[in-house]
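Have a look at start.cif below; it lists mmCIF, C-alpha atoms and all ligand atoms.
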```cif
data_my_file
#
loop_
_atom_site.label_atom_id
_atom_site.label_comp_id
_atom_site.auth_asym_id
_atom_site.auth_seq_id
_atom_site.Cartn_x
_atom_site.Cartn_y
_atom_site.Cartn_z
CA MET A 1392 -94.07 -6.21 -78.56
CA LYS A 1393 -97.30 -7.76 -77.19
CA GLN A 1394 -98.48 -8.07 -73.58
CA VAL A 1395 -99.35 -11.73 -72.99
CA SER A 1396 -100.47 -11.57 -69.37
CA ASP A 1397 -100.17 -9.43 -66.21
CA GLY A 1398 -96.64 -7.94 -66.27
CA ILE A 1399 -95.37 -10.16 -69.13
CA TRP A 1400 -94.53 -9.12 -72.69
CA LYS A 1401 -93.44 -11.08 -75.76
CA ASP A 1402 -91.64 -9.94 -78.89
CA GLY A 1403 -91.37 -12.87 -81.28
CA SER A 1404 -89.65 -15.54 -79.19
CA ARG A 1405 -88.29 -13.05 -76.65
CA LEU A 1406 -89.98 -12.77 -73.26
CA TYR A 1407 -89.90 -9.77 -70.89
CA THR A 1408 -91.14 -8.58 -67.50
CA LYS A 1409 -91.45 -4.96 -66.35
CA ASN A 1410 -88.36 -4.13 -64.33
CA LEU A 1411 -89.30 -3.37 -60.72
CA LYS A 1412 -85.90 -1.70 -60.32
CA PRO A 1413 -85.26 0.26 -63.54
CA GLY A 1414 -81.60 0.37 -64.53
CA LYS A 1415 -80.74 -2.75 -62.49
CA ARG A 1416 -79.94 -6.16 -63.92
CA VAL A 1417 -80.20 -9.38 -61.89
CA TYR A 1418 -78.21 -11.68 -64.18
CA ASP A 1419 -76.88 -10.85 -67.66
CA GLU A 1420 -80.32 -10.02 -69.12
CA ARG A 1421 -81.03 -7.26 -71.67
CA LEU A 1422 -82.95 -4.16 -70.63
CA VAL A 1423 -85.21 -2.52 -73.24
CA ASN A 1424 -87.53 0.47 -73.24
CA HIS A 1425 -91.15 0.05 -74.27
CA GLU A 1426 -93.95 2.64 -73.91
CA ASN A 1427 -92.23 4.53 -71.06
CA MET A 1428 -91.42 1.33 -69.20
CA GLU A 1429 -88.21 -0.57 -68.80
CA LEU A 1430 -88.56 -4.27 -69.58
CA ARG A 1431 -86.14 -6.98 -68.52
CA GLU A 1432 -85.54 -9.92 -70.85
CA TRP A 1433 -86.50 -13.28 -69.34
CA ASN A 1434 -84.21 -16.05 -70.58
CA PRO A 1435 -86.30 -19.26 -70.89
CA SER A 1436 -83.15 -21.38 -70.83
CA ARG A 1437 -82.42 -20.12 -67.31
CA SER A 1438 -85.91 -20.36 -65.88
CA LYS A 1439 -88.43 -23.22 -65.99
CA LEU A 1440 -91.31 -20.82 -65.49
CA GLY A 1441 -89.97 -18.69 -68.35
CA ALA A 1442 -89.65 -21.83 -70.52
CA ALA A 1443 -93.27 -22.79 -69.78
CA ILE A 1444 -94.54 -19.33 -70.76
CA ALA A 1445 -92.32 -19.28 -73.89
CA ASN A 1446 -93.79 -22.69 -74.79
CA GLY A 1447 -97.35 -21.37 -74.65
CA MET A 1448 -98.62 -21.88 -71.08
CA LYS A 1449 -102.36 -21.32 -71.53
CA SER A 1450 -103.10 -19.16 -68.53
CA VAL A 1451 -100.38 -17.71 -66.34
CA PRO A 1452 -101.86 -17.46 -62.82
CA LEU A 1453 -99.35 -14.81 -61.61
CA ALA A 1454 -100.86 -11.35 -61.19
CA GLU A 1455 -99.88 -7.94 -59.83
CA ASN A 1456 -101.19 -8.72 -56.33
CA SER A 1457 -100.33 -12.43 -56.09
CA ARG A 1458 -98.77 -13.93 -52.99
CA VAL A 1459 -96.36 -16.66 -54.01
CA LEU A 1460 -94.49 -19.36 -52.11
CA TYR A 1461 -91.45 -20.22 -54.25
CA LEU A 1462 -89.58 -23.40 -53.26
CA GLY A 1463 -86.03 -23.89 -54.59
CA ALA A 1464 -85.21 -20.24 -55.24
CA SER A 1465 -81.44 -20.67 -55.78
CA THR A 1466 -79.83 -17.25 -56.50
CA GLY A 1467 -83.22 -15.80 -57.48
CA THR A 1468 -83.10 -15.67 -61.29
CA THR A 1469 -86.74 -16.73 -61.70
CA VAL A 1470 -87.76 -15.19 -58.38
CA SER A 1471 -86.69 -11.79 -59.75
CA HIS A 1472 -89.14 -12.10 -62.65
CA VAL A 1473 -91.91 -13.27 -60.30
CA SER A 1474 -91.13 -10.19 -58.19
CA ASP A 1475 -91.44 -7.99 -61.31
CA ILE A 1476 -94.85 -9.48 -62.19
CA CYS A 1477 -96.25 -9.50 -58.64
CA GLU A 1478 -95.12 -5.94 -58.00
CA ASN A 1479 -97.80 -5.27 -55.37
CA GLY A 1480 -97.87 -8.84 -54.11
CA PHE A 1481 -95.25 -10.83 -52.25
CA VAL A 1482 -92.80 -13.69 -52.85
CA TYR A 1483 -91.66 -16.01 -50.07
CA ALA A 1484 -88.46 -17.43 -51.62
CA LEU A 1485 -87.20 -20.59 -49.95
CA GLU A 1486 -83.73 -22.06 -50.39
CA PHE A 1487 -81.60 -24.34 -48.22
CA ALA A 1488 -78.13 -24.08 -49.82
CA GLU A 1489 -76.03 -21.45 -48.08
CA ARG A 1490 -73.80 -20.77 -51.12
CA VAL A 1491 -76.67 -19.50 -53.30
CA PHE A 1492 -78.72 -18.06 -50.44
CA ARG A 1493 -76.32 -15.10 -50.12
CA SER A 1494 -77.16 -13.90 -53.65
CA LEU A 1495 -80.85 -14.38 -52.91
CA MET A 1496 -80.50 -12.15 -49.84
CA GLU A 1497 -78.78 -9.46 -51.93
CA LEU A 1498 -81.69 -9.58 -54.40
CA ALA A 1499 -84.22 -9.28 -51.57
CA GLU A 1500 -82.38 -6.24 -50.18
CA GLN A 1501 -83.12 -4.43 -53.45
CA ARG A 1502 -86.69 -5.66 -53.84
CA LYS A 1503 -89.10 -5.13 -51.02
CA ASN A 1504 -91.60 -7.78 -52.22
CA ILE A 1505 -89.24 -10.74 -51.63
CA ALA A 1506 -88.68 -12.50 -48.29
CA PRO A 1507 -85.72 -14.90 -48.52
CA LEU A 1508 -86.16 -17.90 -46.23
CA MET A 1509 -83.33 -20.28 -45.51
CA ALA A 1510 -85.26 -23.45 -44.85
CA ASP A 1511 -85.85 -27.02 -46.00
CA ALA A 1512 -88.97 -27.26 -48.18
CA ARG A 1513 -89.57 -30.76 -46.77
CA LYS A 1514 -90.37 -29.23 -43.40
CA PRO A 1515 -93.14 -26.65 -43.79
CA GLU A 1516 -93.69 -26.78 -40.02
CA ASN A 1517 -90.45 -24.74 -39.71
CA TYR A 1518 -91.94 -21.76 -41.59
CA SER A 1519 -95.56 -22.20 -40.62
CA TRP A 1520 -95.82 -18.46 -39.85
CA ILE A 1521 -96.05 -17.42 -43.52
CA GLU A 1522 -99.46 -16.41 -44.81
CA GLU A 1523 -101.80 -18.24 -47.17
CA CYS A 1524 -100.65 -17.91 -50.80
CA ASP A 1525 -102.34 -17.73 -54.22
CA ILE A 1526 -99.58 -19.76 -55.84
CA VAL A 1527 -97.12 -22.41 -54.69
CA PHE A 1528 -94.27 -22.96 -57.14
CA ILE A 1529 -91.53 -25.58 -56.81
CA ASP A 1530 -88.30 -26.05 -58.76
CA ALA A 1531 -86.13 -28.07 -56.39
CA ALA A 1532 -85.09 -30.93 -58.75
CA GLN A 1533 -85.73 -33.53 -56.04
CA PRO A 1534 -86.95 -37.15 -56.43
CA ASP A 1535 -89.87 -36.35 -54.10
CA GLU A 1536 -90.67 -32.99 -55.76
CA THR A 1537 -94.40 -33.68 -56.06
CA GLU A 1538 -94.73 -34.92 -52.47
CA ILE A 1539 -92.91 -31.80 -51.19
CA ALA A 1540 -95.16 -29.63 -53.37
CA ILE A 1541 -98.34 -31.24 -52.03
CA ARG A 1542 -97.18 -30.97 -48.41
CA ASN A 1543 -96.58 -27.23 -48.88
CA ALA A 1544 -99.78 -26.68 -50.83
CA GLU A 1545 -101.81 -28.42 -48.11
CA THR A 1546 -100.35 -25.98 -45.58
CA PHE A 1547 -100.07 -22.69 -47.50
CA LEU A 1548 -102.13 -22.74 -50.72
CA LYS A 1549 -105.56 -21.18 -50.59
CA SER A 1550 -108.50 -23.12 -51.97
CA GLY A 1551 -108.71 -22.43 -55.72
CA GLY A 1552 -105.01 -21.45 -55.75
CA PHE A 1553 -102.47 -22.77 -58.25
CA LEU A 1554 -99.73 -25.32 -57.69
CA LEU A 1555 -96.90 -25.21 -60.26
CA ILE A 1556 -94.37 -28.04 -60.25
CA ALA A 1557 -91.22 -28.13 -62.37
CA VAL A 1558 -90.55 -31.83 -62.94
CA LYS A 1559 -87.08 -33.07 -63.87
CA SER A 1560 -87.76 -36.61 -65.04
CA GLN A 1561 -84.13 -37.67 -64.56
CA SER A 1562 -84.28 -36.80 -60.86
CA ILE A 1563 -87.36 -38.97 -60.41
CA ASP A 1564 -86.84 -42.09 -62.54
CA VAL A 1565 -84.08 -42.49 -65.14
CA THR A 1566 -85.53 -45.81 -66.33
CA LYS A 1567 -88.80 -44.30 -67.56
CA ARG A 1568 -89.56 -42.09 -70.58
CA PRO A 1569 -89.99 -38.44 -69.45
CA GLU A 1570 -93.67 -38.46 -70.55
CA GLU A 1571 -94.34 -41.49 -68.31
CA VAL A 1572 -92.78 -39.67 -65.36
CA TYR A 1573 -94.88 -36.54 -66.08
CA GLU A 1574 -98.09 -38.65 -66.12
CA GLN A 1575 -97.04 -40.46 -62.95
CA GLU A 1576 -96.48 -37.16 -61.09
CA ALA A 1577 -99.72 -35.66 -62.43
CA GLY A 1578 -101.52 -38.80 -61.18
CA LYS A 1579 -100.24 -38.15 -57.66
CA LEU A 1580 -101.77 -34.68 -57.80
CA VAL A 1581 -105.13 -35.99 -59.00
CA ARG A 1582 -105.19 -38.59 -56.22
CA ALA A 1583 -104.43 -35.82 -53.71
CA GLY A 1584 -107.52 -33.93 -54.95
CA TYR A 1585 -105.93 -31.41 -57.33
CA GLU A 1586 -107.21 -30.62 -60.81
CA VAL A 1587 -104.36 -30.90 -63.32
CA LEU A 1588 -104.82 -28.11 -65.86
CA GLU A 1589 -101.70 -28.41 -68.03
CA ILE A 1590 -98.51 -30.39 -68.48
CA ILE A 1591 -96.11 -28.19 -70.45
CA ASN A 1592 -93.04 -29.77 -72.01
CA LEU A 1593 -90.06 -27.43 -71.48
CA GLU A 1594 -87.89 -28.62 -74.36
CA PRO A 1595 -85.82 -27.25 -76.07
CA HIS A 1596 -85.11 -24.84 -73.17
CA GLU A 1597 -84.83 -27.59 -70.54
CA GLU A 1598 -84.21 -31.18 -71.58
CA LYS A 1599 -86.48 -33.83 -70.00
CA HIS A 1600 -88.40 -31.31 -67.90
CA CYS A 1601 -92.05 -30.29 -67.76
CA LEU A 1602 -94.12 -27.87 -65.73
CA ILE A 1603 -97.34 -29.22 -64.25
CA VAL A 1604 -100.04 -26.63 -63.52
CA ALA A 1605 -102.69 -27.77 -61.04
CA ARG A 1606 -105.49 -26.17 -59.05
CA LYS A 1607 -106.44 -26.87 -55.44
C1 LIG B 1701 -82.94 -26.14 -60.17
S1 LIG B 1701 -82.41 -25.13 -58.86
C2 LIG B 1701 -83.58 -23.80 -58.83
C3 LIG B 1701 -83.43 -22.74 -59.92
C4 LIG B 1701 -84.35 -21.58 -59.66
N1 LIG B 1701 -85.70 -22.03 -59.42
C5 LIG B 1701 -84.38 -20.57 -60.80
O1 LIG B 1701 -85.18 -20.74 -61.72
O2 LIG B 1701 -83.62 -19.60 -60.76
C6 LIG B 1701 -82.96 -26.05 -57.46
C7 LIG B 1701 -82.70 -25.36 -56.13
O3 LIG B 1701 -83.51 -25.99 -55.14
C8 LIG B 1701 -82.80 -26.03 -53.93
N2 LIG B 1701 -83.41 -27.09 -53.10
C9 LIG B 1701 -83.44 -28.42 -53.37
N3 LIG B 1701 -84.09 -29.09 -52.39
C10 LIG B 1701 -84.49 -28.16 -51.48
C11 LIG B 1701 -85.20 -28.23 -50.25
N4 LIG B 1701 -85.62 -29.40 -49.74
N5 LIG B 1701 -85.43 -27.07 -49.59
C12 LIG B 1701 -85.00 -25.89 -50.08
N6 LIG B 1701 -84.33 -25.75 -51.24
C13 LIG B 1701 -84.07 -26.87 -51.94
C14 LIG B 1701 -81.37 -26.32 -54.36
O4 LIG B 1701 -80.44 -25.94 -53.35
C15 LIG B 1701 -81.26 -25.49 -55.64
O5 LIG B 1701 -80.74 -24.20 -55.38
#
```
Would you encode the structure as structure tokens?
Ligand SMILES: C[S@@+](CC[C@H](N)C(=O)[O-])C[C@H]1O[C@@H](n2cnc3c(N)ncnc32)[C@H](O)[C@@H]1O
Amino acid sequence: MKQVSDGIWKDGSRLYTKNLKPGKRVYDERLVNHENMELREWNPSRSKLGAAIANGMKSVPLAENSRVLYLGASTGTTVSHVSDICENGFVYALEFAERVFRSLMELAEQRKNIAPLMADARKPENYSWIEECDIVFIDAAQPDETEIAIRNAETFLKSGGFLLIAVKSQSIDVTKRPEEVYEQEAGKLVRAGYEVLEIINLEPHEEKHCLIVARK
């Protein structure tokens, strides 16, 4: 078992975060003990952020005190691991589908560093009260994913903060090769003034997906 970054451990191909709520599972993940801590296995096939880290993301910007705006939280599978890592920070978890939002609320009841927000990520003016964040992360699988990400980053991301975009090439343009779509989306970020640090291919965990890491 080797610590790879703040709050994240790796054992061969298995990835773990330190469980903020020892004894409690969020999905069907394994719990293991390591040096007087309980770690929670992070399944990279159920989390694009997990897949990016499993595939060798060079520097993971999440830290113990990070404030994160997470767009497209769904039931909170990945949000729960972000909450583990940022144990003294905070996660604003945004989701607009009522069906999955209920599970997200249940997760937030157990974890005091998550605020579930039922809102449309296309309209940051509707949650303009949230504070400036160190990281904006989006996994909404929308055709205008990058535009939504930039709009939110312009409003909430601090200067020097990190913008992480999970890109599903099939949602954006089915006629292009995934790599062309990744370059096209990265180009939008560069033109908006962001420095693109990495484009991480998420296969085999997620077909035709990448994670773009950029800095404001
Ligand atoms: C691929 S799933 C997210 C999975 C999640 N990030 C995880 O790793 O556990 C995409 C989610 O984004 C949500 N979504 C899509 N567009 C949205 C929008 N404009 N505002 C808020 N949520 C949105 C969908 O309802 C869906 O739950």
**Residues within 12 Å of (-83.5, -18.7, -42.9), counting only C-alpha atoms, listed as a list of chain:residue names** = A:Tyr1483, A:Ala1484, A:Leu1485, A:Glu1486, A:Phe1487, A:Ala1488, A:Glu1489, A:Phe1492, A:Arg1493, A:Leu1495, A:Met1496, A:Ala1506, A:Pro1507, A:Leu1508, A:Met1509, A:Ala1510, A:Asp1511, A:Ala1512, A:Asn1517, A:Tyr1518
**Asked** Which protein, DNA or RNA residues have an atom within 9 Å of ligand LIG 1701 (chain B), counting only C-alpha atoms and all ligand atoms, as a ChimeraX atom specification?
**Response** /A:1437-1441,1461-1471,1485-1492,1508-1514,1528-1533,1536,1539,1557,1559
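We find CA of Val1473 in chain A and CA of Ser1550 in chain A to be spaced 21.0 Å apart.
Distance-wise, CA of Ile1591 in chain A and CA of Ala1443 in chain A end up 6.1 Å apart.
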**Message:** List the spatial neighbours of range 1405-1421 of chain A as a PyMOL selection string - criterion: any atom at most 6 Å away, only C-alpha atoms, same-chain residues fewer than 3 positions off excluded.
**Reply:** chain A and resi 1398-1402+1429-1433+1475
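Residues having any atom no farther than 7 Å from (-104.0, -18.7, -45.0) (counting only C-alpha atoms) are Glu1522, Glu1523, Cys1524, Phe1547 and Lys1549 of chain A.
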Output file for the residues above (C-alpha atoms, as a short mmCIF file (atom, residue, chain, number, x, y, z; two decimals), in the coordinates of the input):
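Saved to selection.cif:
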```cif
data_model
loop_
_atom_site.label_atom_id
_atom_site.label_comp_id
_atom_site.auth_asym_id
_atom_site.auth_seq_id
_atom_site.Cartn_x
_atom_site.Cartn_y
_atom_site.Cartn_z
CA GLU A 1522 -99.46 -16.41 -44.81
CA GLU A 1523 -101.80 -18.24 -47.17
CA CYS A 1524 -100.65 -17.91 -50.80
CA PHE A 1547 -100.07 -22.69 -47.50
CA LYS A 1549 -105.56 -21.18 -50.59
#
```
**Among the residues A:Tyr1573, A:Ser1519, A:Glu1497, A:Leu1580, the one that comes closest to Leu1602 in chain A [using all atoms listed in the file]** = A:Tyr1573
**Fill in**
Of A:Met1392, A:Leu1588, A:Ala1499, A:Leu1460, the one nearest to Thr1546 in chain A when counting all atoms listed in the file is A:Leu1460
**Message:** Would you pick out the contacts of His1600 in chain A at 8 Å or less, using all atoms listed in the file, so that residues sharing its chain but fewer than 6 positions from it are not included, and give the list as number ranges by chain?
**Reply:** A: 1557-1560, 1569, 1592-1594
**Contact residues around range 1582-1587 of chain A with all atoms listed in the file at 6 Å, ignoring same-chain residues under 4 positions, as a list in words** =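 Neighbouring residues, sequence-local ones excluded: Ala1605, Arg1606 and Lys1607 of chain A.
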Generate a file of the selected residues that holds C-alpha atoms, formatted as a CSV table (one decimal), keeping the file's coordinate frame.
```
chain,number,residue,atom,x,y,z
A,1605,ALA,CA,-102.7,-27.8,-61.0
A,1606,ARG,CA,-105.5,-26.2,-59.0
A,1607,LYS,CA,-106.4,-26.9,-55.4
```
**Å distance separating CA of Gly1552 in chain A from CA of Val1482 in chain A, one decimal place** = 14.8 Å
**Message:** Taking only C-alpha atoms into account, name the residue in A:Asp1535, A:Gly1551, A:Gly1480, A:Ser1404 that is nearest to Ala1445 in chain A.
**Reply:** A:Ser1404
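Minimum atom-to-atom distance to Asn1456 in chain A, evaluated using all atoms listed in the file, belongs to A:Glu1478 out of A:Glu1570, A:Glu1478, A:Asp1397, A:Glu1500.
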